[in-house]
Each structure stands twice: as C-alpha cells, then as structure tokens.
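Report on one structure; see the data block that follows.
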Amino acid sequence: MIKKFLRAVVMAVLTLIVACGASARAGAPIELSFGHFWNPSHDLAVAVQKFKEAVEEKSDGRLIISVYPSSQLGTGREMMEQVVMGTLDIATGSISDWGTALNMPQLAAFELPFLYKNLESQKILIDGILGEKLHPMLEGTNLRHILSYANSVRNSIIKAKPIVTLEDFSGLKMRSPETKLFVQLFEGLGCNVVISPWAEVYTVLSQGVADAIEADAVGLVDMNLHEVAKFYTRTAHMGAIPVAFMNEQIWDSIPSDLQAIIMECAAENQKTQLANRQMADDKAEKALTDAGVVINDISDAERDRMRQAIMPIYDGFAKRYDMQELIDALLALEK
C-alpha cells in the first residue's frame, strides 16, 4: 500500500511538471524524467547514467535528466504507457515490449526467436536494419526514437537440469514477460509459461513457481539467480534490444540546439555501450562459473530443431504484417 502511494505521489509530481508546459520548458534548466526497470548496477543502467551525465555536461546544465531505475515508476509496460501519455519523458525497454504497450506487435520482428546467436550479429542489426526500418514504423505513435542498446542474446538459467535438446523444454515452467512474442515462443517450444514482472523473478524461481528464467547473462546475475539455480544453457533463443523512446510533444518543446545535444550524446552513448557489451557478458558468465553454475551450449542441429518448432511465428509475421522482406534480411544476419 505504501509503495503504491509513493508511486502515485511521484507520478503526480511528474504530471505537474508536464502540465506546466511552456512555463517549465521556457526557463533553464529543462528537466527530463527517464524511467527504466534495471537495478543501478546493471550494465544498461550504467549506460543510462552515463547518457544523463553526458547530456548535462554538454548542455552546460541547461538540460537535467532525472533517472528512475528499478521500476520506481511502475513496470516496464506501465512506464512505456506513461511516455505515450506524456507523464514520463523517456523510458527504455525491449522493442517487443514496446510493441505490446503500443498494440503494434509488428515491432517484435526485430526480436524474432533464433535470428542469431551472437552479439556481433546483434550489433549489425542495431547499426543497420533497425535504424533504417524503425523510424517509419513509429509514425503516429507520439514517440521519438532516441537510442538503442545491445542487451546481448537471451539464455536460460534452470534449477533442475540443463537444456540440451528441444525435448528438454517440454513441460518446463518458464518465466516469461506478458509480451505476446515471448509467450508464443515458449509455448511453441513446449514450455508451461509463467508470466511475472521482471522484479519478481527471484521469488518465482526460488519458490518453485518457475523452473527456469531466461534473460541475458548480465540480467540473470544482476538478479542473483545463480543463488537458486545451478544450470545455465546458452540457448541463444532470442536477441534483446532495448530502445529508448521519448514523448514526441515533449521533444518538440525542447529548443533545437538542445535536441542536437541529446541526439549527439545518444549516438556516442549507444556506440560505447555496443563496444563494451561483450566485456559485460564475459564478466557475468565468470560470476556464474565462480558461483558453481554449470554452463553448457546446445548444438547447431538442436538449435535448428528449435527454430523449426517455432516457424509458425515467422509465418504469422510475414503474412499478417507483410514483412517477408524484412524477415529475410534479419535471417541473413547469421549467414
């Protein structure tokens, strides 16, 4: 009850700031709110903090970014909806999660399962195809794309035994976000899907509500899941690409010289994060090993079987959203 009350107070203050409109934006400094769900120690939370610091420095304090980590302002989806409404200026989250929040499931095409299995392919996607195709898709959404991050590929941490074959997914209680693409993926692999917010993953795993949690290695370690699960399989079942969107009306109210500073800092921040992400992954996997977690890979043949099991997802995207050309370009990333 107290947590809900405090969240309501914070949101009321943010709403008041936005409502002040021209008077608040006309003076200096301009304050922007940036919400996300990562703990402050997470690789991406650190990147957001560095973005904030760069913007404030280059604008000589004319821009101030107040960052709210750890789901202080709500779940990922709630913060996304707040950005659309204008009660939060900027939020970041998986592009497929944005698709759910905006009722635009076609955005999830950039995170289709088993597109690629390494970070290098993801970097190519972010620097090329995503930047080219995303902006036209955002028309009419009241959102401005600020930057994209590489959250690497998603793997699985399991309590009882490693995943080696497609059959190992059968009946496995896999935690999933509410995003439709994730649910389709795990149901297609034969899992029993357990939906929960990211903030609750430790609880659902430790209490046996779920048998397995999937995420990037950094995220799994950041939530201390190696304390309760001792098997980590590099399933590489999906790439994770968080994108930061800003409310378009808020963006339009910012002077053009400050807009240029925001985008310059965003480009530099994105480039640095992409370059450094592999080190974060390596550090996280070392932490897993040091904690006694057994790490294994799946064979290319089994990975192909898994992809074939969820091909109806690809077919649905191609037919429903006329995206075959985009899907072919995405599949070519690993060739």
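By convention in this document, the chains of the structure tokens carry letters A, B, ... by their order, each chain's residues are numbered from 1, and ligands are numbered from 1 in the order they are shown.
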Neighbour list for A:Met263 as JSON, numbers by chain, cut-off 12 Å, only C-alpha atoms, skip fewer than 5 positions in-chain | {"A": [51, 52, 54, 55, 58, 59, 144, 145, 146, 147, 148, 244, 245, 246, 251, 256, 257, 258, 268, 269, 270]}
12 Å contact set for A:Val46, only C-alpha atoms, chain neighbours under 5 positions out, as a list in words =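 Within the cut-off, the hits are His36, Trp38, Asn39, Pro40, Ser41, Phe51, Lys52, Glu53, Val67, Pro69, Tyr149, Asn269, Thr272, Gln273, Asn276, Arg277 and Ala280 of chain A.
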Using only C-alpha atoms, the shortest atom-to-atom distance to A:Ser170 among A:Glu81, A:Ile295, A:Met306, A:Ala329 belongs to A:Met306
Between stretch 198-230 of chain A and stretch 281-284 of chain A, at 10 Å or less, what are the per-residue closest atom pairs and their distances in Å? Count only C-alpha atoms, order by chain and rising residue number, and return it as CSV.
residue,atom,partner,partner_atom,distance
A:Asp216,CA,A:Asp281,CA,7.9
A:Ala217,CA,A:Ala284,CA,5.7
A:Val218,CA,A:Ala284,CA,5.2
A:Gly219,CA,A:Ala284,CA,8.5
A:Leu220,CA,A:Ala284,CA,8.3
A:Val221,CA,A:Ala284,CA,6.2
A:Asp222,CA,A:Ala284,CA,8.5
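Surrounding stretch 201-215 of chain A within 7 Å are Arg154, Asn155, Ser156, Ile157, Ile158, Lys159, Leu172, Lys173, Met174, Arg175, Val194, Trp198, Ala199, Ala217, Gly219, Leu220, Met223, Leu225 and Val228 of chain A, with only C-alpha atoms counted and residues fewer than 2 positions along the same chain left out.
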Export C-alpha atoms of the chosen residues as a short mmCIF file (atom, residue, chain, number, x, y, z; two decimals), in the first residue's frame?
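Written file, again15.cif:
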data_model
loop_
_atom_site.label_atom_id
_atom_site.label_comp_id
_atom_site.auth_asym_id
_atom_site.auth_seq_id
_atom_site.Cartn_x
_atom_site.Cartn_y
_atom_site.Cartn_z
CA ARG A 154 18.93 -14.32 -24.04
CA ASN A 155 19.88 -17.62 -22.43
CA SER A 156 18.33 -19.84 -19.77
CA ILE A 157 19.13 -20.49 -16.11
CA ILE A 158 17.47 -23.64 -14.74
CA LYS A 159 17.13 -25.19 -11.30
CA LEU A 172 9.38 -26.79 -18.24
CA LYS A 173 7.84 -23.95 -16.22
CA MET A 174 9.48 -20.99 -17.94
CA ARG A 175 9.02 -17.47 -16.63
CA VAL A 194 4.66 -18.49 -16.08
CA TRP A 198 10.98 -8.91 -14.02
CA ALA A 199 11.21 -7.57 -10.46
CA ALA A 217 23.69 -13.20 -18.59
CA GLY A 219 20.44 -9.60 -16.12
CA LEU A 220 20.46 -13.07 -14.57
CA MET A 223 19.05 -10.54 -10.02
CA LEU A 225 19.52 -16.04 -9.79
CA VAL A 228 18.95 -20.66 -6.56
#
Contacts of A:Lys117 within 10 Å, only C-alpha atoms, excl. fewer than 2 positions in-chain, as a list in words = Pro113, Phe114, Leu115, Leu119, Glu120, Ser121, Gln122, Ser152, Val153, Arg154, Asn155, Arg234, Thr235, Ala236, His237, Met238, Gly239, Arg303, Leu333 and Glu334 of chain A
With a distance cut-off of 10 Å and only C-alpha atoms, select the neighbouring residues of stretch 133-140 of chain A, excluding the residue or stretch itself and same-chain residues fewer than 4 positions from it, and output the selection as a ChimeraX atom specification.
-> /A:95,102,104,106-107,110,128-129,144-145,248,326
Please write the residues from the selection above to a file, keeping N, CA and C atoms, as an mmCIF file, in the first residue's frame.
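What landed in selection-v4.cif:
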data_model
loop_
_atom_site.group_PDB
_atom_site.id
_atom_site.type_symbol
_atom_site.label_atom_id
_atom_site.label_comp_id
_atom_site.auth_asym_id
_atom_site.auth_seq_id
_atom_site.Cartn_x
_atom_site.Cartn_y
_atom_site.Cartn_z
ATOM 1 N N ILE A 95 12.258 -3.884 -27.488
ATOM 2 C CA ILE A 95 11.430 -3.391 -28.587
ATOM 3 C C ILE A 95 10.158 -4.219 -28.746
ATOM 4 N N LEU A 102 2.236 -0.585 -27.239
ATOM 5 C CA LEU A 102 1.660 0.266 -28.280
ATOM 6 C C LEU A 102 0.612 -0.452 -29.126
ATOM 7 N N MET A 104 1.323 -2.693 -31.204
ATOM 8 C CA MET A 104 1.990 -2.791 -32.506
ATOM 9 C C MET A 104 2.906 -4.017 -32.484
ATOM 10 N N GLN A 106 4.002 -5.880 -34.588
ATOM 11 C CA GLN A 106 4.970 -5.991 -35.676
ATOM 12 C C GLN A 106 6.352 -5.468 -35.280
ATOM 13 N N LEU A 107 6.439 -4.627 -34.248
ATOM 14 C CA LEU A 107 7.740 -4.160 -33.787
ATOM 15 C C LEU A 107 8.603 -5.314 -33.286
ATOM 16 N N PHE A 110 11.977 -7.458 -34.896
ATOM 17 C CA PHE A 110 13.417 -7.280 -34.686
ATOM 18 C C PHE A 110 13.959 -8.205 -33.601
ATOM 19 N N GLY A 128 22.338 -1.117 -38.465
ATOM 20 C CA GLY A 128 21.855 -1.094 -39.844
ATOM 21 C C GLY A 128 20.353 -1.196 -39.991
ATOM 22 N N ILE A 129 19.849 -2.412 -39.972
ATOM 23 C CA ILE A 129 18.440 -2.666 -40.290
ATOM 24 C C ILE A 129 17.504 -1.928 -39.342
ATOM 25 N N ARG A 144 9.439 9.414 -30.099
ATOM 26 C CA ARG A 144 10.685 9.725 -30.790
ATOM 27 C C ARG A 144 11.747 8.722 -30.358
ATOM 28 N N HIS A 145 12.392 8.067 -31.319
ATOM 29 C CA HIS A 145 13.451 7.105 -31.016
ATOM 30 C C HIS A 145 14.721 7.868 -30.659
ATOM 31 N N GLU A 248 6.900 12.555 -28.050
ATOM 32 C CA GLU A 248 7.141 13.450 -29.187
ATOM 33 C C GLU A 248 6.810 14.904 -28.853
ATOM 34 N N LEU A 326 11.657 -7.943 -44.721
ATOM 35 C CA LEU A 326 12.389 -7.629 -43.500
ATOM 36 C C LEU A 326 12.866 -8.900 -42.812
#
Could you state the separation of atom CA of A:Leu166 and atom CA of A:Phe182 in Å, given to one decimal place?
->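 One can read the atom CA of A:Leu166 to atom CA of A:Phe182 distance as 16.6 Å.
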From the DSSP assignment of the backbone, select every residue of stretch 107-143 of chain A that is helix (DSSP H, G or I), and format the answer as a ChimeraX atom specification.
-> /A:107-111,119-137
Hey, can you spit out that residue selection with C-alpha atoms as a CSV table (one decimal), in the first residue's frame?
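Once everything was written out, this is again.csv:
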chain,number,residue,atom,x,y,z
A,107,LEU,CA,7.7,-4.2,-33.8
A,108,ALA,CA,8.7,-7.5,-32.3
A,109,ALA,CA,10.0,-8.6,-35.7
A,110,PHE,CA,13.4,-7.3,-34.7
A,111,GLU,CA,13.5,-9.8,-31.8
A,119,LEU,CA,26.4,-10.3,-30.1
A,120,GLU,CA,28.2,-9.3,-33.3
A,121,SER,CA,25.1,-10.1,-35.4
A,122,GLN,CA,23.0,-8.0,-33.0
A,123,LYS,CA,25.3,-5.0,-33.4
A,124,ILE,CA,24.9,-5.3,-37.2
A,125,LEU,CA,21.2,-5.3,-36.7
A,126,ILE,CA,21.2,-2.3,-34.4
A,127,ASP,CA,23.6,-0.2,-36.6
A,128,GLY,CA,21.9,-1.1,-39.8
A,129,ILE,CA,18.4,-2.7,-40.3
A,130,LEU,CA,16.9,-1.3,-37.1
A,131,GLY,CA,17.9,2.3,-37.7
A,132,GLU,CA,16.6,2.1,-41.2
A,133,LYS,CA,13.3,0.4,-40.6
A,134,LEU,CA,12.2,1.6,-37.2
A,135,HIS,CA,11.5,5.3,-37.8
A,136,PRO,CA,8.8,4.8,-40.4
A,137,MET,CA,7.1,2.3,-38.2
Compile the contact shell of A:Ile327 as a ChimeraX atom specification: residues with an atom at most 10 Å away, counting only C-alpha atoms, same-chain residues fewer than 2 positions apart removed.
-> /A:109-110,112,115,314-315,317-318,322-325,329-332
Please identify all polymer residues within 12 Å of A:Arg77, counting only C-alpha atoms, omitting same-chain residues fewer than 5 positions from it, and present them as a PDB file with all heavy atoms, in the first residue's frame.
ATOM      1  N   GLY A  35      12.767   6.766 -17.015  1.00  0.00           N
ATOM      2  CA  GLY A  35      12.486   5.602 -16.197  1.00  0.00           C
ATOM      3  C   GLY A  35      12.919   4.300 -16.845  1.00  0.00           C
ATOM      4  O   GLY A  35      12.841   4.146 -18.063  1.00  0.00           O
ATOM      5  N   HIS A  36      13.390   3.370 -16.029  1.00  0.00           N
ATOM      6  CA  HIS A  36      13.705   2.022 -16.519  1.00  0.00           C
ATOM      7  C   HIS A  36      13.587   1.037 -15.359  1.00  0.00           C
ATOM      8  O   HIS A  36      13.408   1.440 -14.201  1.00  0.00           O
ATOM      9  CB  HIS A  36      15.087   1.956 -17.180  1.00  0.00           C
ATOM     10  CG  HIS A  36      16.241   2.226 -16.268  1.00  0.00           C
ATOM     11  ND1 HIS A  36      16.720   1.286 -15.381  1.00  0.00           N
ATOM     12  CD2 HIS A  36      17.030   3.325 -16.096  1.00  0.00           C
ATOM     13  CE1 HIS A  36      17.755   1.780 -14.717  1.00  0.00           C
ATOM     14  NE2 HIS A  36      17.960   3.016 -15.118  1.00  0.00           N
ATOM     15  N   PHE A  37      13.700  -0.268 -15.663  1.00  0.00           N
ATOM     16  CA  PHE A  37      13.456  -1.287 -14.635  1.00  0.00           C
ATOM     17  C   PHE A  37      14.718  -1.998 -14.167  1.00  0.00           C
ATOM     18  O   PHE A  37      14.658  -2.898 -13.339  1.00  0.00           O
ATOM     19  CB  PHE A  37      12.438  -2.332 -15.120  1.00  0.00           C
ATOM     20  CG  PHE A  37      12.801  -2.987 -16.430  1.00  0.00           C
ATOM     21  CD1 PHE A  37      13.699  -4.034 -16.482  1.00  0.00           C
ATOM     22  CD2 PHE A  37      12.225  -2.559 -17.612  1.00  0.00           C
ATOM     23  CE1 PHE A  37      14.035  -4.652 -17.671  1.00  0.00           C
ATOM     24  CE2 PHE A  37      12.539  -3.178 -18.824  1.00  0.00           C
ATOM     25  CZ  PHE A  37      13.445  -4.214 -18.854  1.00  0.00           C
ATOM     26  N   SER A  71      12.316   0.090 -11.591  1.00  0.00           N
ATOM     27  CA  SER A  71      10.842   0.102 -11.656  1.00  0.00           C
ATOM     28  C   SER A  71      10.216   1.032 -10.620  1.00  0.00           C
ATOM     29  O   SER A  71       9.114   0.780 -10.142  1.00  0.00           O
ATOM     30  CB  SER A  71      10.279  -1.313 -11.493  1.00  0.00           C
ATOM     31  OG  SER A  71      10.752  -2.171 -12.515  1.00  0.00           O
ATOM     32  N   GLN A  82       3.212   5.511 -19.888  1.00  0.00           N
ATOM     33  CA  GLN A  82       3.363   6.857 -19.352  1.00  0.00           C
ATOM     34  C   GLN A  82       4.051   7.776 -20.356  1.00  0.00           C
ATOM     35  O   GLN A  82       3.708   8.961 -20.474  1.00  0.00           O
ATOM     36  CB  GLN A  82       4.151   6.808 -18.041  1.00  0.00           C
ATOM     37  CG  GLN A  82       3.405   6.169 -16.880  1.00  0.00           C
ATOM     38  CD  GLN A  82       4.333   5.740 -15.760  1.00  0.00           C
ATOM     39  OE1 GLN A  82       5.446   6.239 -15.627  1.00  0.00           O
ATOM     40  NE2 GLN A  82       3.884   4.782 -14.952  1.00  0.00           N
ATOM     41  N   VAL A  83       5.035   7.249 -21.096  1.00  0.00           N
ATOM     42  CA  VAL A  83       5.712   8.052 -22.107  1.00  0.00           C
ATOM     43  C   VAL A  83       4.733   8.438 -23.213  1.00  0.00           C
ATOM     44  O   VAL A  83       4.717   9.577 -23.684  1.00  0.00           O
ATOM     45  CB  VAL A  83       6.933   7.298 -22.686  1.00  0.00           C
ATOM     46  CG1 VAL A  83       7.513   8.057 -23.887  1.00  0.00           C
ATOM     47  CG2 VAL A  83       8.001   7.130 -21.620  1.00  0.00           C
ATOM     48  N   VAL A  84       3.911   7.505 -23.645  1.00  0.00           N
ATOM     49  CA  VAL A  84       2.918   7.804 -24.678  1.00  0.00           C
ATOM     50  C   VAL A  84       1.978   8.918 -24.197  1.00  0.00           C
ATOM     51  O   VAL A  84       1.645   9.847 -24.946  1.00  0.00           O
ATOM     52  CB  VAL A  84       2.111   6.543 -25.051  1.00  0.00           C
ATOM     53  CG1 VAL A  84       0.981   6.903 -26.025  1.00  0.00           C
ATOM     54  CG2 VAL A  84       3.023   5.490 -25.671  1.00  0.00           C
ATOM     55  N   ALA A  91      11.540   6.480 -21.604  1.00  0.00           N
ATOM     56  CA  ALA A  91      11.629   5.146 -20.999  1.00  0.00           C
ATOM     57  C   ALA A  91      12.337   4.238 -21.983  1.00  0.00           C
ATOM     58  O   ALA A  91      12.367   4.494 -23.197  1.00  0.00           O
ATOM     59  CB  ALA A  91      10.247   4.595 -20.651  1.00  0.00           C
ATOM     60  N   THR A  92      12.904   3.193 -21.457  1.00  0.00           N
ATOM     61  CA  THR A  92      13.563   2.223 -22.318  1.00  0.00           C
ATOM     62  C   THR A  92      13.104   0.824 -21.954  1.00  0.00           C
ATOM     63  O   THR A  92      12.781   0.536 -20.802  1.00  0.00           O
ATOM     64  CB  THR A  92      15.096   2.323 -22.221  1.00  0.00           C
ATOM     65  OG1 THR A  92      15.700   1.450 -23.183  1.00  0.00           O
ATOM     66  CG2 THR A  92      15.580   1.958 -20.837  1.00  0.00           C
ATOM     67  N   GLY A  93      13.070  -0.030 -22.935  1.00  0.00           N
ATOM     68  CA  GLY A  93      12.668  -1.414 -22.744  1.00  0.00           C
ATOM     69  C   GLY A  93      12.805  -2.170 -24.045  1.00  0.00           C
ATOM     70  O   GLY A  93      13.064  -1.576 -25.104  1.00  0.00           O
ATOM     71  N   SER A  94      12.641  -3.463 -23.974  1.00  0.00           N
ATOM     72  CA  SER A  94      12.729  -4.319 -25.150  1.00  0.00           C
ATOM     73  C   SER A  94      11.794  -3.817 -26.244  1.00  0.00           C
ATOM     74  O   SER A  94      10.666  -3.400 -25.981  1.00  0.00           O
ATOM     75  CB  SER A  94      12.352  -5.749 -24.769  1.00  0.00           C
ATOM     76  OG  SER A  94      12.031  -6.508 -25.910  1.00  0.00           O
ATOM     77  N   ILE A  95      12.258  -3.884 -27.488  1.00  0.00           N
ATOM     78  CA  ILE A  95      11.430  -3.391 -28.587  1.00  0.00           C
ATOM     79  C   ILE A  95      10.158  -4.219 -28.746  1.00  0.00           C
ATOM     80  O   ILE A  95       9.104  -3.694 -29.126  1.00  0.00           O
ATOM     81  CB  ILE A  95      12.242  -3.349 -29.908  1.00  0.00           C
ATOM     82  CG1 ILE A  95      11.481  -2.552 -30.967  1.00  0.00           C
ATOM     83  CG2 ILE A  95      12.594  -4.748 -30.389  1.00  0.00           C
ATOM     84  CD1 ILE A  95      12.317  -2.218 -32.171  1.00  0.00           C
ATOM     85  N   SER A  96      10.212  -5.496 -28.393  1.00  0.00           N
ATOM     86  CA  SER A  96       8.992  -6.298 -28.448  1.00  0.00           C
ATOM     87  C   SER A  96       8.031  -5.903 -27.340  1.00  0.00           C
ATOM     88  O   SER A  96       6.801  -5.940 -27.514  1.00  0.00           O
ATOM     89  CB  SER A  96       9.319  -7.796 -28.372  1.00  0.00           C
ATOM     90  OG  SER A  96      10.071  -8.100 -27.214  1.00  0.00           O
ATOM     91  N   ASP A  97       8.552  -5.492 -26.176  1.00  0.00           N
ATOM     92  CA  ASP A  97       7.697  -4.991 -25.103  1.00  0.00           C
ATOM     93  C   ASP A  97       7.017  -3.688 -25.512  1.00  0.00           C
ATOM     94  O   ASP A  97       5.850  -3.447 -25.191  1.00  0.00           O
ATOM     95  CB  ASP A  97       8.505  -4.771 -23.826  1.00  0.00           C
ATOM     96  CG  ASP A  97       8.931  -6.070 -23.161  1.00  0.00           C
ATOM     97  OD1 ASP A  97       8.380  -7.128 -23.539  1.00  0.00           O
ATOM     98  OD2 ASP A  97       9.812  -6.040 -22.287  1.00  0.00           O
ATOM     99  N   TRP A  98       7.757  -2.831 -26.208  1.00  0.00           N
ATOM    100  CA  TRP A  98       7.145  -1.612 -26.743  1.00  0.00           C
ATOM    101  C   TRP A  98       6.015  -1.969 -27.708  1.00  0.00           C
ATOM    102  O   TRP A  98       4.972  -1.301 -27.744  1.00  0.00           O
ATOM    103  CB  TRP A  98       8.182  -0.750 -27.459  1.00  0.00           C
ATOM    104  CG  TRP A  98       9.011   0.119 -26.564  1.00  0.00           C
ATOM    105  CD1 TRP A  98      10.306  -0.086 -26.181  1.00  0.00           C
ATOM    106  CD2 TRP A  98       8.606   1.340 -25.938  1.00  0.00           C
ATOM    107  NE1 TRP A  98      10.733   0.930 -25.362  1.00  0.00           N
ATOM    108  CE2 TRP A  98       9.715   1.827 -25.194  1.00  0.00           C
ATOM    109  CE3 TRP A  98       7.418   2.073 -25.929  1.00  0.00           C
ATOM    110  CZ2 TRP A  98       9.664   3.008 -24.455  1.00  0.00           C
ATOM    111  CZ3 TRP A  98       7.360   3.256 -25.199  1.00  0.00           C
ATOM    112  CH2 TRP A  98       8.468   3.709 -24.477  1.00  0.00           C
ATOM    113  N   GLY A  99       6.226  -3.023 -28.506  1.00  0.00           N
ATOM    114  CA  GLY A  99       5.176  -3.447 -29.423  1.00  0.00           C
ATOM    115  C   GLY A  99       3.904  -3.825 -28.701  1.00  0.00           C
ATOM    116  O   GLY A  99       2.790  -3.513 -29.147  1.00  0.00           O
ATOM    117  N   THR A 100       4.044  -4.489 -27.544  1.00  0.00           N
ATOM    118  CA  THR A 100       2.877  -4.849 -26.737  1.00  0.00           C
ATOM    119  C   THR A 100       2.214  -3.602 -26.160  1.00  0.00           C
ATOM    120  O   THR A 100       0.989  -3.445 -26.217  1.00  0.00           O
ATOM    121  CB  THR A 100       3.294  -5.790 -25.593  1.00  0.00           C
ATOM    122  OG1 THR A 100       3.814  -7.004 -26.159  1.00  0.00           O
ATOM    123  CG2 THR A 100       2.104  -6.127 -24.709  1.00  0.00           C
ATOM    124  N   ALA A 101       3.017  -2.696 -25.611  1.00  0.00           N
ATOM    125  CA  ALA A 101       2.466  -1.488 -24.996  1.00  0.00           C
ATOM    126  C   ALA A 101       1.745  -0.610 -26.003  1.00  0.00           C
ATOM    127  O   ALA A 101       0.739   0.036 -25.682  1.00  0.00           O
ATOM    128  CB  ALA A 101       3.582  -0.697 -24.317  1.00  0.00           C
ATOM    129  N   LEU A 102       2.236  -0.585 -27.239  1.00  0.00           N
ATOM    130  CA  LEU A 102       1.660   0.266 -28.280  1.00  0.00           C
ATOM    131  C   LEU A 102       0.612  -0.452 -29.126  1.00  0.00           C
ATOM    132  O   LEU A 102       0.053   0.143 -30.042  1.00  0.00           O
ATOM    133  CB  LEU A 102       2.773   0.774 -29.206  1.00  0.00           C
ATOM    134  CG  LEU A 102       3.845   1.661 -28.573  1.00  0.00           C
ATOM    135  CD1 LEU A 102       4.991   1.881 -29.544  1.00  0.00           C
ATOM    136  CD2 LEU A 102       3.242   2.989 -28.140  1.00  0.00           C
ATOM    137  N   ASN A 103       0.368  -1.730 -28.804  1.00  0.00           N
ATOM    138  CA  ASN A 103      -0.506  -2.554 -29.637  1.00  0.00           C
ATOM    139  C   ASN A 103       0.002  -2.584 -31.076  1.00  0.00           C
ATOM    140  O   ASN A 103      -0.770  -2.520 -32.039  1.00  0.00           O
ATOM    141  CB  ASN A 103      -1.958  -2.055 -29.589  1.00  0.00           C
ATOM    142  CG  ASN A 103      -2.934  -3.098 -30.119  1.00  0.00           C
ATOM    143  OD1 ASN A 103      -2.668  -4.304 -30.075  1.00  0.00           O
ATOM    144  ND2 ASN A 103      -4.062  -2.639 -30.636  1.00  0.00           N
ATOM    145  N   PRO A 177       7.805 -12.591 -19.691  1.00  0.00           N
ATOM    146  CA  PRO A 177       7.038 -11.360 -19.583  1.00  0.00           C
ATOM    147  C   PRO A 177       5.698 -11.546 -20.283  1.00  0.00           C
ATOM    148  O   PRO A 177       5.483 -12.555 -20.968  1.00  0.00           O
ATOM    149  CB  PRO A 177       7.910 -10.332 -20.312  1.00  0.00           C
ATOM    150  CG  PRO A 177       8.699 -11.144 -21.288  1.00  0.00           C
ATOM    151  CD  PRO A 177       8.940 -12.471 -20.614  1.00  0.00           C
ATOM    152  N   GLU A 178       4.815 -10.587 -20.141  1.00  0.00           N
ATOM    153  CA  GLU A 178       3.493 -10.725 -20.744  1.00  0.00           C
ATOM    154  C   GLU A 178       3.501 -10.500 -22.251  1.00  0.00           C
ATOM    155  O   GLU A 178       2.483 -10.681 -22.913  1.00  0.00           O
ATOM    156  CB  GLU A 178       2.509  -9.749 -20.095  1.00  0.00           C
ATOM    157  CG  GLU A 178       2.864  -8.284 -20.266  1.00  0.00           C
ATOM    158  CD  GLU A 178       1.869  -7.360 -19.603  1.00  0.00           C
ATOM    159  OE1 GLU A 178       0.654  -7.606 -19.726  1.00  0.00           O
ATOM    160  OE2 GLU A 178       2.295  -6.399 -18.931  1.00  0.00           O
ATOM    161  N   THR A 179       4.638 -10.130 -22.807  1.00  0.00           N
ATOM    162  CA  THR A 179       4.754  -9.855 -24.233  1.00  0.00           C
ATOM    163  C   THR A 179       4.368 -11.079 -25.058  1.00  0.00           C
ATOM    164  O   THR A 179       4.862 -12.191 -24.822  1.00  0.00           O
ATOM    165  CB  THR A 179       6.199  -9.428 -24.564  1.00  0.00           C
ATOM    166  OG1 THR A 179       6.532  -8.294 -23.763  1.00  0.00           O
ATOM    167  CG2 THR A 179       6.345  -9.079 -26.035  1.00  0.00           C
ATOM    168  N   PRO A 197       6.309 -10.081 -13.617  1.00  0.00           N
ATOM    169  CA  PRO A 197       7.198  -8.934 -13.845  1.00  0.00           C
ATOM    170  C   PRO A 197       8.649  -9.325 -13.578  1.00  0.00           C
ATOM    171  O   PRO A 197       8.918 -10.238 -12.781  1.00  0.00           O
ATOM    172  CB  PRO A 197       6.705  -7.892 -12.826  1.00  0.00           C
ATOM    173  CG  PRO A 197       5.333  -8.325 -12.453  1.00  0.00           C
ATOM    174  CD  PRO A 197       5.324  -9.812 -12.558  1.00  0.00           C
ATOM    175  N   TRP A 198       9.569  -8.619 -14.211  1.00  0.00           N
ATOM    176  CA  TRP A 198      10.984  -8.915 -14.019  1.00  0.00           C
ATOM    177  C   TRP A 198      11.398  -8.757 -12.565  1.00  0.00           C
ATOM    178  O   TRP A 198      12.225  -9.521 -12.059  1.00  0.00           O
ATOM    179  CB  TRP A 198      11.835  -8.004 -14.908  1.00  0.00           C
ATOM    180  CG  TRP A 198      13.307  -8.226 -14.742  1.00  0.00           C
ATOM    181  CD1 TRP A 198      14.216  -7.370 -14.197  1.00  0.00           C
ATOM    182  CD2 TRP A 198      14.045  -9.405 -15.099  1.00  0.00           C
ATOM    183  NE1 TRP A 198      15.478  -7.928 -14.204  1.00  0.00           N
ATOM    184  CE2 TRP A 198      15.397  -9.177 -14.757  1.00  0.00           C
ATOM    185  CE3 TRP A 198      13.694 -10.621 -15.682  1.00  0.00           C
ATOM    186  CZ2 TRP A 198      16.398 -10.119 -14.973  1.00  0.00           C
ATOM    187  CZ3 TRP A 198      14.692 -11.570 -15.903  1.00  0.00           C
ATOM    188  CH2 TRP A 198      16.029 -11.319 -15.551  1.00  0.00           C
TER     189      TRP A 198
END
Identify all residues of stretch 235-295 of chain A in strand (DSSP E or B) (DSSP on the backbone) and supply them as a list in words.
->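 DSSP-assigned strand (DSSP E or B) residues in stretch 235-295 of chain A: Thr235, Ala236, His237, Met238, Gly239, Pro242, Val243, Ala244, Phe245, Met246, Asn247, Val294 and Ile295 of chain A.
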Of the listed residues A:Glu187, A:Glu200, A:Asp304, A:Glu57, that which approaches A:Ser70 most closely, counting only C-alpha atoms = A:Glu200
So which one's closest to A:His42, A:Val243, A:Asn151, A:Ile262, A:Ile65? Using only C-alpha atoms, please.
->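 That would be A:Asn151, the residue with the smallest distance to A:His42.
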